[in-house]
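Below is coords-v9.txt, holding compact mmCIF, C-alpha atoms and all ligand atoms.
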```txt
# COMPACT_ATOMS: atom_id res chain seq x y z
CA MET A 17 83.06 4.36 -38.76
CA ILE A 18 79.99 4.66 -36.52
CA PRO A 19 78.87 1.06 -35.96
CA GLN A 20 75.19 0.20 -36.42
CA ALA A 21 75.21 -1.67 -33.08
CA ASN A 22 77.83 -1.60 -30.32
CA PRO A 23 77.56 -4.28 -27.61
CA GLN A 24 81.08 -3.45 -26.38
CA ALA A 25 80.03 0.10 -25.50
CA GLY A 26 77.19 -1.44 -23.49
CA TYR A 27 79.67 -3.58 -21.53
CA LEU A 28 82.11 -0.71 -20.94
CA ALA A 29 79.32 1.54 -19.67
CA ARG A 30 78.83 -0.84 -16.69
CA LYS A 31 82.19 -2.60 -16.70
CA GLU A 32 82.97 -2.36 -12.98
CA ALA A 33 79.61 -3.70 -11.82
CA ILE A 34 79.56 -6.46 -14.45
CA ASP A 35 83.15 -7.53 -13.73
CA ALA A 36 82.41 -7.73 -10.00
CA ALA A 37 79.19 -9.70 -10.52
CA VAL A 38 80.83 -12.14 -12.93
CA LEU A 39 83.82 -12.63 -10.61
CA LYS A 40 81.48 -13.36 -7.71
CA ALA A 41 79.65 -15.95 -9.82
CA LEU A 42 82.97 -17.50 -10.91
CA GLU A 43 84.11 -17.83 -7.31
CA SER A 44 80.78 -19.24 -6.13
CA GLY A 45 81.51 -22.65 -7.66
CA CYS A 46 77.98 -22.85 -9.06
CA TYR A 47 77.71 -22.35 -12.80
CA ILE A 48 74.37 -23.65 -14.06
CA LEU A 49 70.87 -22.97 -12.65
CA GLY A 50 72.12 -21.57 -9.36
CA PRO A 51 71.18 -18.56 -7.22
CA GLU A 52 71.97 -15.95 -9.91
CA VAL A 53 69.49 -17.53 -12.33
CA GLU A 54 66.90 -17.90 -9.59
CA HIS A 55 67.25 -14.26 -8.56
CA PHE A 56 67.22 -13.05 -12.14
CA GLU A 57 64.05 -15.03 -12.91
CA GLU A 58 62.41 -13.45 -9.87
CA GLU A 59 63.57 -9.91 -10.71
CA PHE A 60 62.74 -10.14 -14.39
CA SER A 61 59.21 -11.47 -13.83
CA ARG A 62 58.60 -8.71 -11.25
CA TYR A 63 59.89 -6.09 -13.71
CA LEU A 64 57.53 -7.32 -16.43
CA GLY A 65 54.53 -7.86 -14.20
CA VAL A 66 54.17 -11.59 -14.93
CA ALA A 67 54.11 -14.43 -12.40
CA HIS A 68 56.91 -16.62 -13.80
CA ALA A 69 60.14 -16.38 -15.78
CA VAL A 70 62.19 -19.40 -16.87
CA GLY A 71 65.76 -18.76 -18.02
CA THR A 72 66.85 -20.54 -21.19
CA GLY A 73 69.98 -20.92 -23.30
CA ASN A 74 68.85 -18.41 -25.96
CA GLY A 75 65.78 -16.73 -27.45
CA THR A 76 65.13 -19.33 -30.14
CA ASP A 77 64.94 -22.06 -27.50
CA ALA A 78 62.69 -19.82 -25.39
CA LEU A 79 60.24 -19.69 -28.33
CA GLN A 80 60.50 -23.44 -28.88
CA LEU A 81 59.92 -24.14 -25.18
CA ALA A 82 56.96 -21.75 -25.08
CA LEU A 83 55.41 -23.60 -28.03
CA ARG A 84 56.04 -27.02 -26.52
CA ALA A 85 54.77 -25.91 -23.11
CA ALA A 86 51.55 -24.95 -24.90
CA GLY A 87 51.40 -28.47 -26.33
CA VAL A 88 52.39 -27.55 -29.88
CA GLY A 89 54.07 -30.40 -31.71
CA ARG A 90 54.19 -32.53 -34.84
CA GLY A 91 51.33 -31.95 -37.25
CA ASP A 92 50.43 -28.57 -35.75
CA VAL A 93 50.54 -25.22 -37.52
CA VAL A 94 51.72 -21.96 -35.96
CA ALA A 95 50.78 -18.62 -37.51
CA THR A 96 53.49 -15.97 -37.51
CA VAL A 97 55.07 -13.29 -39.71
CA SER A 98 57.68 -13.68 -42.41
CA HIS A 99 59.11 -10.20 -41.77
CA THR A 100 61.16 -11.24 -38.72
CA ALA A 101 64.42 -12.84 -37.65
CA VAL A 102 64.57 -16.33 -39.11
CA ALA A 103 64.77 -17.56 -35.49
CA THR A 104 61.01 -17.08 -35.05
CA ALA A 105 60.23 -19.59 -37.81
CA ALA A 106 63.15 -21.87 -36.88
CA ALA A 107 61.68 -22.29 -33.38
CA ILE A 108 58.34 -23.39 -34.88
CA CYS A 109 60.11 -26.07 -36.93
CA GLN A 110 62.19 -27.16 -33.91
CA ALA A 111 58.94 -27.72 -32.01
CA GLY A 112 57.92 -30.07 -34.85
CA ALA A 113 55.26 -27.72 -36.22
CA GLU A 114 54.86 -25.82 -39.47
CA PRO A 115 54.71 -22.02 -39.88
CA LEU A 116 51.79 -20.27 -41.59
CA PHE A 117 52.95 -16.82 -42.66
CA ILE A 118 50.68 -13.79 -42.20
CA ASP A 119 51.38 -10.36 -43.67
CA VAL A 120 52.43 -7.35 -41.56
CA ASP A 121 51.04 -3.82 -41.62
CA GLU A 122 53.00 -0.66 -42.47
CA ARG A 123 54.42 -0.59 -38.92
CA TYR A 124 55.99 -4.02 -39.43
CA THR A 125 53.89 -6.10 -37.04
CA MET A 126 51.25 -8.75 -37.73
CA ASP A 127 48.07 -7.33 -39.26
CA PRO A 128 45.15 -8.58 -37.10
CA SER A 129 42.68 -8.54 -40.02
CA ARG A 130 45.08 -10.62 -42.12
CA LEU A 131 45.43 -13.04 -39.20
CA GLU A 132 41.65 -13.42 -39.00
CA GLN A 133 41.51 -14.03 -42.74
CA GLY A 134 44.45 -16.45 -42.63
CA LEU A 135 43.03 -18.52 -39.78
CA SER A 136 39.53 -18.64 -41.32
CA ASP A 137 40.95 -19.70 -44.70
CA PHE A 138 43.15 -22.32 -43.09
CA ALA A 139 40.20 -23.81 -41.20
CA ARG A 140 38.57 -24.52 -44.61
CA SER A 141 41.77 -25.84 -46.25
CA PRO A 142 42.57 -29.45 -47.24
CA ALA A 143 45.29 -29.53 -44.56
CA ALA A 144 42.68 -28.71 -41.91
CA ALA A 145 40.42 -31.44 -43.31
CA ARG A 146 43.32 -33.87 -42.73
CA GLY A 147 43.41 -32.78 -39.08
CA ALA A 148 46.06 -30.04 -39.02
CA ARG A 149 45.24 -27.28 -36.57
CA VAL A 150 46.62 -23.79 -35.92
CA ARG A 151 47.52 -24.25 -32.27
CA ALA A 152 49.40 -21.01 -31.67
CA VAL A 153 50.08 -17.54 -33.04
CA ILE A 154 53.49 -15.93 -32.53
CA ALA A 155 53.33 -12.14 -32.70
CA VAL A 156 56.70 -10.43 -33.08
CA HIS A 157 57.32 -6.98 -31.58
CA LEU A 158 59.70 -6.17 -34.38
CA TYR A 159 62.28 -3.41 -33.82
CA GLY A 160 60.92 -2.90 -30.28
CA HIS A 161 57.46 -1.75 -31.37
CA PRO A 162 54.60 -3.68 -29.73
CA ALA A 163 52.28 -5.54 -32.07
CA ASP A 164 48.55 -4.86 -31.74
CA LEU A 165 48.20 -7.39 -28.91
CA PRO A 166 44.58 -6.85 -27.82
CA ALA A 167 43.34 -7.36 -31.40
CA LEU A 168 45.66 -10.33 -32.05
CA LEU A 169 44.69 -11.99 -28.77
CA GLN A 170 41.02 -11.70 -29.64
CA VAL A 171 41.55 -13.36 -33.03
CA ALA A 172 43.79 -16.10 -31.60
CA GLU A 173 41.31 -16.96 -28.85
CA ARG A 174 38.36 -16.96 -31.24
CA HIS A 175 40.22 -19.66 -33.19
CA GLY A 176 41.27 -21.62 -30.11
CA ALA A 177 44.98 -20.81 -30.50
CA TYR A 178 47.54 -19.71 -27.92
CA LEU A 179 49.09 -16.26 -28.38
CA ILE A 180 52.86 -16.23 -27.85
CA GLU A 181 54.76 -12.94 -27.91
CA ASP A 182 58.23 -12.88 -29.49
CA CYS A 183 59.71 -10.16 -27.24
CA ALA A 184 63.32 -10.72 -28.37
CA GLN A 185 63.54 -7.10 -29.57
CA ALA A 186 61.12 -5.56 -27.10
CA ALA A 187 62.44 -5.83 -23.51
CA GLY A 188 60.82 -2.93 -21.67
CA ALA A 189 58.38 -1.95 -24.44
CA GLU A 190 54.85 -1.10 -23.29
CA LEU A 191 51.34 -1.14 -24.61
CA ALA A 192 48.49 0.55 -22.73
CA GLY A 193 50.73 0.91 -19.69
CA ALA A 194 51.68 -2.79 -19.44
CA LYS A 195 54.94 -4.39 -20.53
CA ALA A 196 55.24 -6.45 -23.69
CA GLY A 197 55.30 -10.03 -22.45
CA CYS A 198 52.19 -9.62 -20.24
CA PHE A 199 49.56 -9.97 -22.94
CA GLY A 200 50.06 -13.38 -24.53
CA HIS A 201 49.59 -16.77 -22.86
CA LEU A 202 53.38 -16.99 -23.01
CA ALA A 203 56.23 -14.78 -24.21
CA ALA A 204 59.84 -15.37 -25.18
CA PHE A 205 62.85 -13.08 -24.69
CA SER A 206 66.38 -13.17 -26.10
CA PHE A 207 69.39 -11.76 -24.25
CA TYR A 208 71.70 -11.89 -27.29
CA PRO A 209 74.36 -9.18 -26.68
CA THR A 210 72.88 -6.55 -29.03
CA LYS A 211 69.32 -6.83 -27.70
CA ASN A 212 67.95 -4.06 -25.44
CA LEU A 213 68.61 -6.29 -22.42
CA GLY A 214 71.76 -8.09 -23.52
CA ALA A 215 73.98 -10.68 -21.86
CA LEU A 216 77.65 -11.22 -22.78
CA GLY A 217 76.87 -14.46 -24.56
CA ASP A 218 73.65 -16.33 -25.28
CA GLY A 219 70.60 -16.28 -23.05
CA GLY A 220 66.82 -16.17 -23.14
CA ALA A 221 63.67 -16.56 -21.07
CA VAL A 222 60.12 -17.87 -21.29
CA VAL A 223 57.63 -15.84 -19.27
CA THR A 224 54.00 -16.50 -18.41
CA SER A 225 51.49 -15.89 -15.64
CA ASP A 226 50.13 -19.44 -15.96
CA ALA A 227 51.75 -21.67 -13.32
CA GLU A 228 51.12 -24.86 -15.29
CA LEU A 229 52.69 -23.51 -18.50
CA ALA A 230 55.68 -22.23 -16.49
CA ALA A 231 56.16 -25.61 -14.82
CA ARG A 232 56.06 -27.34 -18.20
CA ALA A 233 58.61 -24.92 -19.71
CA ARG A 234 60.83 -25.47 -16.65
CA GLN A 235 60.74 -29.25 -17.12
CA LEU A 236 61.28 -29.11 -20.85
CA ARG A 237 64.36 -26.85 -20.61
CA GLN A 238 66.16 -29.67 -18.79
CA TYR A 239 65.47 -32.96 -20.59
CA GLY A 240 61.91 -33.12 -19.23
CA TRP A 241 62.83 -33.93 -15.62
CA HIS A 242 59.87 -34.04 -13.30
CA ASN A 243 60.60 -34.11 -9.53
CA ARG A 244 64.12 -35.41 -10.35
CA LEU A 245 62.60 -38.85 -10.57
CA SER A 246 61.10 -39.32 -13.96
CA ILE A 247 61.02 -37.82 -17.44
CA LEU A 248 57.45 -36.98 -18.37
CA ALA A 249 58.02 -35.57 -21.84
CA GLY A 250 61.11 -35.51 -24.03
CA GLY A 251 62.71 -32.15 -23.33
CA ILE A 252 65.83 -30.38 -24.50
CA ASN A 253 68.86 -28.94 -22.75
CA SER A 254 68.60 -25.16 -22.75
CA ARG A 255 69.64 -23.48 -19.52
CA LEU A 256 70.63 -19.92 -18.67
CA ASP A 257 74.07 -19.98 -17.04
CA GLU A 258 75.14 -18.19 -13.85
CA LEU A 259 77.59 -15.81 -15.56
CA GLN A 260 74.94 -14.55 -17.97
CA ALA A 261 72.34 -14.29 -15.21
CA ALA A 262 74.81 -12.29 -13.06
CA THR A 263 75.40 -9.91 -15.99
CA LEU A 264 71.68 -9.55 -16.64
CA ARG A 265 71.04 -8.76 -12.96
CA VAL A 266 73.47 -5.83 -13.23
CA ARG A 267 71.77 -4.58 -16.38
CA LEU A 268 68.09 -5.04 -15.60
CA PRO A 269 67.89 -2.01 -13.25
CA TRP A 270 69.29 0.12 -16.11
CA LEU A 271 66.93 -1.17 -18.78
CA ASP A 272 64.40 1.67 -18.53
CA ALA A 273 67.15 4.32 -18.61
CA ASP A 274 68.81 2.60 -21.59
CA ASN A 275 65.48 2.43 -23.42
CA ALA A 276 64.89 6.12 -22.62
CA SER A 277 68.25 6.86 -24.31
CA ARG A 278 67.17 4.88 -27.36
CA ARG A 279 63.90 6.82 -27.47
CA GLU A 280 65.76 10.10 -27.15
CA ILE A 281 67.99 9.18 -30.09
CA ALA A 282 64.90 8.19 -32.08
CA GLY A 283 63.38 11.57 -31.22
CA TYR A 284 66.50 13.33 -32.48
CA TYR A 285 66.47 11.33 -35.71
CA GLY A 286 62.76 12.03 -36.10
CA THR A 287 63.24 15.78 -36.06
CA HIS A 288 66.47 15.96 -38.08
CA LEU A 289 66.24 13.34 -40.83
CA LYS A 290 64.94 14.45 -44.22
CA GLY A 291 64.02 12.74 -47.46
CA VAL A 292 63.33 9.27 -45.99
CA THR A 293 60.26 7.60 -44.49
CA LEU A 294 60.48 7.60 -40.69
CA PRO A 295 59.26 4.85 -38.36
CA ASP A 296 55.84 5.33 -36.88
CA SER A 297 54.42 3.94 -33.65
CA ARG A 298 50.87 2.97 -32.80
CA GLU A 299 49.05 5.14 -30.26
CA GLY A 300 49.44 4.08 -26.64
CA CYS A 301 52.72 2.26 -27.33
CA ARG A 302 56.11 2.71 -25.75
CA HIS A 303 58.43 1.82 -28.67
CA VAL A 304 61.91 0.91 -27.36
CA TYR A 305 63.74 1.21 -30.68
CA HIS A 306 65.76 -1.98 -30.71
CA GLN A 307 66.24 -0.79 -34.29
CA TYR A 308 65.58 2.59 -35.87
CA VAL A 309 64.35 1.66 -39.33
CA ILE A 310 63.84 4.18 -42.11
CA ARG A 311 62.63 3.50 -45.65
CA SER A 312 63.98 4.73 -48.96
CA SER A 313 63.14 3.74 -52.52
CA ARG A 314 66.92 3.97 -53.19
CA ARG A 315 67.88 1.95 -50.14
CA ASP A 316 70.95 0.12 -51.52
CA GLU A 317 72.40 3.36 -52.88
CA LEU A 318 71.74 5.10 -49.56
CA LYS A 319 73.43 2.28 -47.65
CA ARG A 320 76.56 2.61 -49.84
CA HIS A 321 76.52 6.39 -49.46
CA LEU A 322 76.35 6.09 -45.65
CA GLU A 323 79.25 3.67 -45.63
CA GLU A 324 81.34 6.11 -47.70
CA ASN A 325 80.50 8.76 -45.10
CA GLY A 326 81.52 6.67 -42.10
CA VAL A 327 78.04 5.57 -41.02
CA GLY A 328 77.30 1.88 -40.52
CA SER A 329 73.80 0.59 -41.27
CA ALA A 330 72.11 -2.80 -41.59
CA ILE A 331 69.05 -4.41 -43.17
CA HIS A 332 66.69 -6.26 -40.84
CA TYR A 333 65.92 -8.32 -42.87
CA PRO A 334 66.90 -8.36 -46.56
CA VAL A 335 65.05 -11.60 -47.39
CA PRO A 336 61.68 -12.49 -45.81
CA VAL A 337 61.70 -15.89 -44.14
CA HIS A 338 59.29 -17.49 -46.65
CA LEU A 339 61.69 -16.70 -49.54
CA HIS A 340 64.60 -18.63 -48.00
CA PRO A 341 65.09 -22.07 -49.60
CA ALA A 342 64.67 -23.81 -46.23
CA PHE A 343 61.14 -22.37 -45.92
CA GLY A 344 60.14 -22.68 -49.56
CA ALA A 345 57.40 -25.19 -48.75
CA ALA A 346 55.96 -23.23 -45.82
CA LEU A 347 52.32 -22.19 -45.78
CA VAL A 348 51.52 -18.65 -46.83
CA ALA A 349 48.13 -17.16 -45.95
CA GLU A 350 45.86 -16.61 -48.94
CA GLY A 351 46.26 -13.10 -50.26
CA GLY A 352 50.02 -13.36 -49.98
CA LEU A 353 52.61 -11.25 -48.24
CA ALA A 354 52.61 -8.07 -50.32
CA VAL A 355 53.65 -5.64 -47.55
CA THR A 356 56.38 -8.00 -46.32
CA GLU A 357 57.83 -8.38 -49.81
CA ARG A 358 57.65 -4.65 -50.57
CA VAL A 359 59.21 -3.27 -47.37
CA CYS A 360 62.21 -5.60 -47.35
CA GLY A 361 63.56 -3.76 -50.40
CA GLU A 362 63.28 -0.33 -48.73
CA ILE A 363 64.16 -0.71 -45.06
CA LEU A 364 67.44 0.39 -43.51
CA SER A 365 68.46 0.27 -39.83
CA LEU A 366 70.50 3.29 -38.67
CA PRO A 367 72.93 3.22 -35.72
CA ILE A 368 71.09 3.11 -32.40
CA TYR A 369 72.33 2.12 -28.92
CA PRO A 370 72.22 3.96 -25.59
CA GLU A 371 75.89 5.04 -25.77
CA LEU A 372 75.64 6.63 -29.26
CA SER A 373 77.15 10.11 -28.78
CA GLY A 374 75.55 13.43 -29.71
CA GLN A 375 78.27 13.98 -32.30
CA SER A 376 77.56 10.59 -33.89
CA ARG A 377 73.81 11.31 -34.04
CA GLU A 378 74.55 14.54 -35.89
CA MET A 379 76.89 12.75 -38.27
CA VAL A 380 74.25 10.12 -39.06
CA CYS A 381 71.63 12.78 -39.86
CA ARG A 382 74.05 14.86 -41.91
CA ALA A 383 75.03 11.83 -44.00
CA VAL A 384 71.40 10.77 -44.62
CA ASN A 385 70.31 14.32 -45.50
CA LEU A 386 73.28 14.83 -47.81
CA PHE A 387 72.07 11.83 -49.81
CA GLY A 388 68.63 13.41 -50.22
CA GLU A 389 70.13 16.69 -51.44
CA ARG A 390 72.32 15.12 -54.12
C1 LIG B 1 67.16 -12.33 -31.70
C2 LIG B 1 65.81 -12.82 -32.06
C3 LIG B 1 65.39 -14.13 -31.80
C4 LIG B 1 66.29 -15.23 -31.36
O1 LIG B 1 67.09 -15.01 -30.27
P1 LIG B 1 68.46 -15.82 -30.10
O2 LIG B 1 68.80 -15.49 -28.68
O3 LIG B 1 69.43 -15.30 -31.09
O4 LIG B 1 68.18 -17.26 -30.29
C5 LIG B 1 64.07 -14.46 -32.07
N1 LIG B 1 63.21 -13.57 -32.59
C6 LIG B 1 63.59 -12.31 -32.88
C7 LIG B 1 62.58 -11.37 -33.46
C8 LIG B 1 64.89 -11.90 -32.64
O5 LIG B 1 65.26 -10.65 -32.96
```

Starting from the coordinates I provided, produce the structure as structure tokens.
Amino acid sequence: MIPQANPQAGYLARKEAIDAAVLKALESGCYILGPEVEHFEEEFSRYLGVAHAVGTGNGTDALQLALRAAGVGRGDVVATVSHTAVATAAAICQAGAEPLFIDVDERYTMDPSRLEQGLSDFARSPAAARGARVRAVIAVHLYGHPADLPALLQVAERHGAYLIEDCAQAAGAELAGAKAGCFGHLAAFSFYPTKNLGALGDGGAVVTSDAELAARARQLRQYGWHNRLSILAGGINSRLDELQAATLRVRLPWLDADNASRREIAGYYGTHLKGVTLPDSREGCRHVYHQYVIRSSRRDELKRHLEENGVGSAIHYPVPVHLHPAFGAALVAEGGLAVTERVCGEILSLPIYPELSGQSREMVCRAVNLFGER
């Protein structure tokens, strides 16, 4: 069976260097917030072209810390999408705020005109009259495809809201020649093992070019300590550990090459797949294909057929966040979430990871095309 994702292949591809780096960290006697984390923060921020990176325990915490650094808290509203990992919305709730769901466009990222509509409608709503404010917008670069950041930033700023990028799936993606993570006031990354830049456990980072926001995120990731003397604001405990940072430092220099492999596989799929709707990317974008997502009106049948032919696939995500019981009371922008609700019944993620062999790529295409010919 060709797996849909394969973090073990990613480890084996750099086993010697990772083993050596982890061993060195083990022998150093320093395991939390030591030199490996410091170096990684420096190297990662330089790679992205931002001034500051703050390592965290995972990507969900990175989002929560970004929100809290921006001052988002109880009684606030944060606009985001429902077509995303549930972690995006969970982080909003962890920060004490409430999500307001905005629809996506056909390329699966937040539709700027729907955001404008949603924020204008909310400003006239009874909740707004009671004092609730949309303090931030979280744009998600779903599947590794950058959202329309310049347009979203303009809308967010017009409404006095911070723009936070959820870059969990988009390490190394670019828009207009700059890396995803450079455009918002803050951005959050996840280093979950299957992500484009993956650790061998949990990890994440908040990045920003604003020194004050970075300092606040840094305090909040460790109980709120300020100058080791006093707690200024109630923080959490969410630290990147030395073993994960050591692993990430081995992998970061390979990120562009790994993303190029993903793009090459996507190119192969794009020319060989038939009978399904292919992913599309906005002009001027460097899509890094965290997922390669096709659409079919007979998705469930196709998924079963692929399984019978030795091809693993996955659905990211079968149920939009707003339809989960835990989010049943969440705010939905007027006009609804028609695109979100339609695409979740058609999407299917095919195998994609840098180590996917030529033979496996062929097998995937043959199996998909066979389904179309039946
Ligand atoms: C993976 C992911 C997260 C959360 O990251 P964790 O490290 O698992 O907490 C958040 N948002 C998106 C879009 C993700 O894919």

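Counting all atoms listed in the file, the residue from A:Ala194, A:Ile48, A:Ala148, A:Ile154 that sits nearest to Asn253 (chain A) is A:Ile48.
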
Next on the checklist: With all atoms listed in the file as the counted atoms, please give the residues lying no more than 7 Å from region 19-23 of chain A, apart from itself and same-chain residues fewer than 4 positions off, as a list in words.
Outcome noted: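 Listed by chain and then number, they are Tyr27, Pro209, Thr210, Val327, Gly328, Ser329, Ala330, Leu366, Pro367, Ile368 and Tyr369 of chain A.
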
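We find CA of Leu318 (chain A) and CA of Ala282 (chain A) to be spaced 19.0 Å apart.
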
Checklist entry - Within 7 Å of ligand LIG 1 (chain B), counting all atoms listed in the file: which residues, as number ranges by chain? => result A: 74-77, 100-101, 103-104, 156, 158, 182-185, 206-208, 218-220

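In terms of minimum interatomic distance to Ser98 (chain A), A:Leu116 ranks closest within A:Pro142, A:Glu323, A:Leu116, A:Leu191, counting all atoms listed in the file.
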
Next on the checklist: Is it possible to get the residues within 10 Å of (71.9, -8.4, -17.7) (coordinates as in the file, counting only C-alpha atoms) written as a ChimeraX atom specification?
Outcome noted: /A:27,34,56,60,207,209,212-216,219,259-271

Checklist entry - With all atoms listed in the file as the basis for distance, which of A:Asn325, A:Ser136, A:Thr125, A:Gln307 is at the shortest distance from Pro370 (chain A)? => result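 So, comparing all the options, the nearest one is A:Gln307.
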
Counting all atoms listed in the file, which residues in region 74-156 of chain A sit no more than 12 Å from region 162-177 of chain A? For each one, give the nearest pair of atoms and the distance in Å, sorted by chain then residue number, as JSON lines.
```
{"residue": "A:Leu83", "atom": "CA", "partner": "A:Ala177", "partner_atom": "CA", "distance": 11.1}
{"residue": "A:Ala86", "atom": "CA", "partner": "A:Ala177", "partner_atom": "CA", "distance": 9.6}
{"residue": "A:Gly87", "atom": "CA", "partner": "A:Ala177", "partner_atom": "CA", "distance": 10.8}
{"residue": "A:Val88", "atom": "CA", "partner": "A:Ala177", "partner_atom": "CA", "distance": 10.0}
{"residue": "A:Asp92", "atom": "CA", "partner": "A:Ala177", "partner_atom": "CA", "distance": 10.8}
{"residue": "A:Val93", "atom": "CA", "partner": "A:Ala177", "partner_atom": "CA", "distance": 10.0}
{"residue": "A:Val94", "atom": "CA", "partner": "A:Ala177", "partner_atom": "CA", "distance": 8.7}
{"residue": "A:Ala95", "atom": "CA", "partner": "A:Ala177", "partner_atom": "CA", "distance": 9.4}
{"residue": "A:Thr96", "atom": "CA", "partner": "A:Leu168", "partner_atom": "CA", "distance": 11.1}
{"residue": "A:Val97", "atom": "CA", "partner": "A:Ala163", "partner_atom": "CA", "distance": 11.2}
{"residue": "A:Ile118", "atom": "CA", "partner": "A:Leu168", "partner_atom": "CA", "distance": 11.8}
{"residue": "A:Val120", "atom": "CA", "partner": "A:Ala163", "partner_atom": "CA", "distance": 9.7}
{"residue": "A:Asp121", "atom": "CA", "partner": "A:Ala163", "partner_atom": "CA", "distance": 9.8}
{"residue": "A:Glu122", "atom": "CA", "partner": "A:Ala163", "partner_atom": "CA", "distance": 11.5}
{"residue": "A:Arg123", "atom": "CA", "partner": "A:Ala163", "partner_atom": "CA", "distance": 8.7}
{"residue": "A:Tyr124", "atom": "CA", "partner": "A:Ala163", "partner_atom": "CA", "distance": 8.4}
{"residue": "A:Thr125", "atom": "CA", "partner": "A:Ala163", "partner_atom": "CA", "distance": 5.3}
{"residue": "A:Met126", "atom": "CA", "partner": "A:Ala163", "partner_atom": "CA", "distance": 6.6}
{"residue": "A:Asp127", "atom": "CA", "partner": "A:Asp164", "partner_atom": "CA", "distance": 7.9}
{"residue": "A:Pro128", "atom": "CA", "partner": "A:Leu168", "partner_atom": "CA", "distance": 5.4}
{"residue": "A:Ser129", "atom": "CA", "partner": "A:Val171", "partner_atom": "CA", "distance": 8.6}
{"residue": "A:Arg130", "atom": "CA", "partner": "A:Leu168", "partner_atom": "CA", "distance": 10.1}
{"residue": "A:Leu131", "atom": "CA", "partner": "A:Val171", "partner_atom": "CA", "distance": 7.3}
{"residue": "A:Glu132", "atom": "CA", "partner": "A:Val171", "partner_atom": "CA", "distance": 6.0}
{"residue": "A:Gln133", "atom": "CA", "partner": "A:Val171", "partner_atom": "CA", "distance": 9.7}
{"residue": "A:Gly134", "atom": "CA", "partner": "A:Val171", "partner_atom": "CA", "distance": 10.5}
{"residue": "A:Leu135", "atom": "CA", "partner": "A:His175", "partner_atom": "CA", "distance": 7.3}
{"residue": "A:Ser136", "atom": "CA", "partner": "A:His175", "partner_atom": "CA", "distance": 8.2}
{"residue": "A:Asp137", "atom": "CA", "partner": "A:His175", "partner_atom": "CA", "distance": 11.5}
{"residue": "A:Phe138", "atom": "CA", "partner": "A:His175", "partner_atom": "CA", "distance": 10.7}
{"residue": "A:Ala139", "atom": "CA", "partner": "A:His175", "partner_atom": "CA", "distance": 9.0}
{"residue": "A:Arg149", "atom": "CA", "partner": "A:Ala177", "partner_atom": "CA", "distance": 8.9}
{"residue": "A:Val150", "atom": "CA", "partner": "A:Ala177", "partner_atom": "CA", "distance": 6.4}
{"residue": "A:Arg151", "atom": "CA", "partner": "A:Ala177", "partner_atom": "CA", "distance": 4.6}
{"residue": "A:Ala152", "atom": "CA", "partner": "A:Ala177", "partner_atom": "CA", "distance": 4.6}
{"residue": "A:Val153", "atom": "CA", "partner": "A:Ala177", "partner_atom": "CA", "distance": 6.6}
{"residue": "A:Ile154", "atom": "CA", "partner": "A:Leu168", "partner_atom": "CA", "distance": 9.6}
{"residue": "A:Ala155", "atom": "CA", "partner": "A:Ala163", "partner_atom": "CA", "distance": 6.7}
{"residue": "A:Val156", "atom": "CA", "partner": "A:Ala163", "partner_atom": "CA", "distance": 6.7}
```
